[in-house]
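> Take a look at the following structure, please.
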Amino acid sequence: MWTLTALLLQATLEKPTLSLHPPWTTIFKGERVTLRCDGYHPLLLELRPISTLWYLGHALLPSHKKSIEVQAPGVYRCQTRGAPVSDPIHLSVSNDWLILQVPYAPVFEGEPLVMRCRGWYDKVVYKLHYYHDGQAVRYFHSSTNYTVLQARASDSGRYQCSGTMRIPVESAPMFSAKVAVTVQELFQAPVLQVTSPAEARGGVALRCDTRLHPRKRDTPLQFAFYKYSRPVRRFDWAADYTVPEPELDELEAYWCEAATATRSVRKRSPWLQLPGRGSAPGPAPTAAPAPHAAALAPGSKPLSFRKPPVSRSVPAMPNATSAGLQDPAAGGPTAAPLACAPQTPAAGPPVPDPDLLLREMQLLKGLLSRLVLGLKEPRALAEHRGASETPVVET
């Protein structure tokens with residue numbers, strides 16, 4: 001049975017909900033809107049019970065009712081007994097001919113986003129254009145709300161509208177002030193994780209992990225699991241999946257997807273990354289980039305740029321380019337000789353013949369002497385040549 005203390009404790013954990021009626025953050029000057037504060041209101045016996053506190057900026061308003069009517073611009077908050085202050089509502093008051101009205105409550109992914117271009121005193125707006133970040137996105141002949149059926153994060157931005165009014169004749173095009181709109185993220189992109197290596201039970205357990213926005217924590221999500229592009233388990237309420245034991249070598253080929261029950265919002269996870277395993281699935285590169293320019297994907301093995309080791313079983317020889325060996329600097333592997341093969345000693349350089357060297361030296365000496373004589377006395381050289389060529393007759 002709940003006690004008063006438990007109820008007070010529960011109230012301290014939840015903010016009251018502040019709502020606006022009509023649900024537009026911009027109104028014309030002189031108009032009134034209603035603010036309502038919904039939260040825990042304890043039933044205490046007091047002479048003047050105070051159940052709700054209202055704030056405009058940092059000023060405390062005199063009313064203590066659950067609902068109040070306001071027309072002044074500013075930031076409004078409310079508070080109930082024992083609970084924190086509510087989230088704010090910023091109310092704008094305009095004196096323009098044309099205003100763009102957007103919802104006061106945050107819009108989440110997959111929800112409809114409705115905007116209203118309104119003329120002064122609800123006059124009909126003709127030739128109506130809606131703009132998103134300066135680009136025209138929709139045209140209407142006359143006053144019509146602009147609706148995005150399923151909002152996305154890309155729908156965030158600054159919106160504006162323009163049109164003409166008959167006051168009493170048709171006016172020139174008029175533009176509203178720009179209004180910022182933010183589409184809130186419903187849930188984060190999922191991440192596929194290994195929860196427990198249940199190899200003893202015949203597989204590995206995976207979990208598709210994501211997180212909902214605190215305001216949407218009760219939104220049900222469904223999960224699907226894929227191997228490459230093939231679904232191995234279609235959408236279901238369970239966020240866990242067990243990979244069969246024969247497929248454990250391909251764990252990095254898995255990814256998952258989280259979605260709402262209506263599939264209005266779907267988000268997929270990255271490929272499963274396992275520390276210490278190979279790179280993510282895909283064709284292997286044919287050539288490795290330079291070390292300083294290499295961009296390794298998460299989970300891929302680092303590249304090795306060390307020289308191939310030289311076998312220490314090969315004895316040092318004068319000529320290492322003999323058959324069966326290659327120079328390591330040339331890029332080829334060094335092959336060691338067979339352990340049982342006999343090693344033939346390398347042949348040394350040939351020994352020169354002394355007589356042959358002596359004859360070559362004598363011939364070289366004769367050629368040098370003729371060259372020197374020709375440089376000094378060319379005529380004597382000619383006579384010397386003639387004498388050498390005249391045959392000698394023996395008597």
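Chain identifiers are assigned as A, B, and so on, following the order in which chains appear in the structure tokens; residues are numbered from 1 within each chain, and ligands are numbered from 1 in order of appearance.
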As a PyMOL selection string, please: all residues of region 27-191 of chain A that backbone DSSP puts in strand (DSSP E).

chain A and resi 27-28+33-38+52-56+59-60+67-70+74-80+89-94+98-101+107-108+113-119+126-132+135-140+146-148+157-164+174-175+179-181+183-184+191

> Each residue of region 75-183 of chain A with at least one atom at most 10 Å from region 30-33 of chain A should appear once, together with its nearest atom pair and the corresponding distance in Å (one decimal); atoms considered: only C-alpha atoms; ordering: chain, then increasing residue number; output as JSON lines.


```
{"residue": "A:Leu91", "atom": "CA", "partner": "A:Val33", "partner_atom": "CA", "distance": 9.4}
{"residue": "A:Val93", "atom": "CA", "partner": "A:Gly30", "partner_atom": "CA", "distance": 8.5}
{"residue": "A:Ser94", "atom": "CA", "partner": "A:Gly30", "partner_atom": "CA", "distance": 9.4}
{"residue": "A:Asn95", "atom": "CA", "partner": "A:Gly30", "partner_atom": "CA", "distance": 9.3}
```

> Between CA of Pro112 (chain A) and CA of Ser67 (chain A), measure the distance and give it in Å to one decimal.

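Interatomic distance, CA of Pro112 (chain A) to CA of Ser67 (chain A): 26.8 Å.
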
> Which of these residues is nearest to Ala83 (chain A), using only C-alpha atoms: A:Ser154, A:Gln71, A:Thr52, A:Thr260?

A:Thr52

> Enter the distance from CA of Asp96 (chain A) to CA of Val169 (chain A), in Å, rounded to one decimal.

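CA of Val169 (chain A) lies at a distance of 18.0 Å from CA of Asp96 (chain A).
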
> How close does each residue of region 84-189 of chain A get to region 210-226 of chain A, giving the shortest atom pair and distance in Å to one decimal for every residue with an atom at most 12 Å away, counting only C-alpha atoms, sorted by chain and residue number, as CSV?


```
residue,atom,partner,partner_atom,distance
A:Asp87,CA,A:Arg215,CA,11.5
A:Ala105,CA,A:Arg215,CA,11.3
A:Pro106,CA,A:Arg215,CA,9.8
A:Val107,CA,A:Arg215,CA,11.1
A:Phe108,CA,A:Lys216,CA,8.9
A:Glu109,CA,A:His213,CA,10.7
A:Gly110,CA,A:Thr219,CA,11.8
A:Glu111,CA,A:Lys216,CA,11.9
A:Gln184,CA,A:His213,CA,8.5
A:Glu185,CA,A:His213,CA,7.0
A:Leu186,CA,A:His213,CA,5.6
A:Phe187,CA,A:Leu212,CA,4.2
A:Gln188,CA,A:Arg211,CA,5.6
A:Ala189,CA,A:Thr210,CA,6.3
```

> To one decimal place in Å, what is the distance between CA of Gly157 (chain A) and CA of Ser86 (chain A)?

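Result for CA of Gly157 (chain A) versus CA of Ser86 (chain A): 25.3 Å, one decimal.
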
> Using DSSP secondary structure from the backbone, list all helix (DSSP H, G or I) positions within region 110-299 of chain A, as a list of chain:residue names.

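Answer for region 110-299 of chain A, restricted to helix (DSSP H, G or I): A:Trp120, A:Tyr121, A:Asp122, A:Ala153, A:Ser154, A:Asp155, A:Glu199, A:Ala200, A:Arg201, A:Pro214, A:Arg215, A:Lys216, A:Glu245, A:Pro246, A:Glu247, A:Leu248, A:Asp249, A:Glu250, A:Leu251, A:Glu252, A:Ala253, A:Pro291, A:His292, A:Ala293.
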
> Could you name the residues that touch Asp240 (chain A) at 7 Å or less, counting only C-alpha atoms, but leaving out those on the same chain fewer than 3 positions away, as a list in words?

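Within the cut-off, the hits are Ala205, Leu206, Arg207 and Cys208 of chain A.
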
> Mind writing the picked residues with C-alpha atoms as a short mmCIF file (atom, residue, chain, number, x, y, z; two decimals), in the first residue's frame?


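Saved as selection_21.cif:
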```cif
data_model
loop_
_atom_site.label_atom_id
_atom_site.label_comp_id
_atom_site.auth_asym_id
_atom_site.auth_seq_id
_atom_site.Cartn_x
_atom_site.Cartn_y
_atom_site.Cartn_z
CA ALA A 205 24.75 -14.01 -28.09
CA LEU A 206 24.41 -10.60 -29.75
CA ARG A 207 22.39 -7.60 -28.62
CA CYS A 208 21.10 -4.65 -30.68
#
```

> From the list A:Lys29, A:Val70, A:Tyr121, A:Cys37, which residue is nearest Ile167 (chain A) when using only C-alpha atoms?

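Result for the nearest residue to Ile167 (chain A): A:Tyr121.
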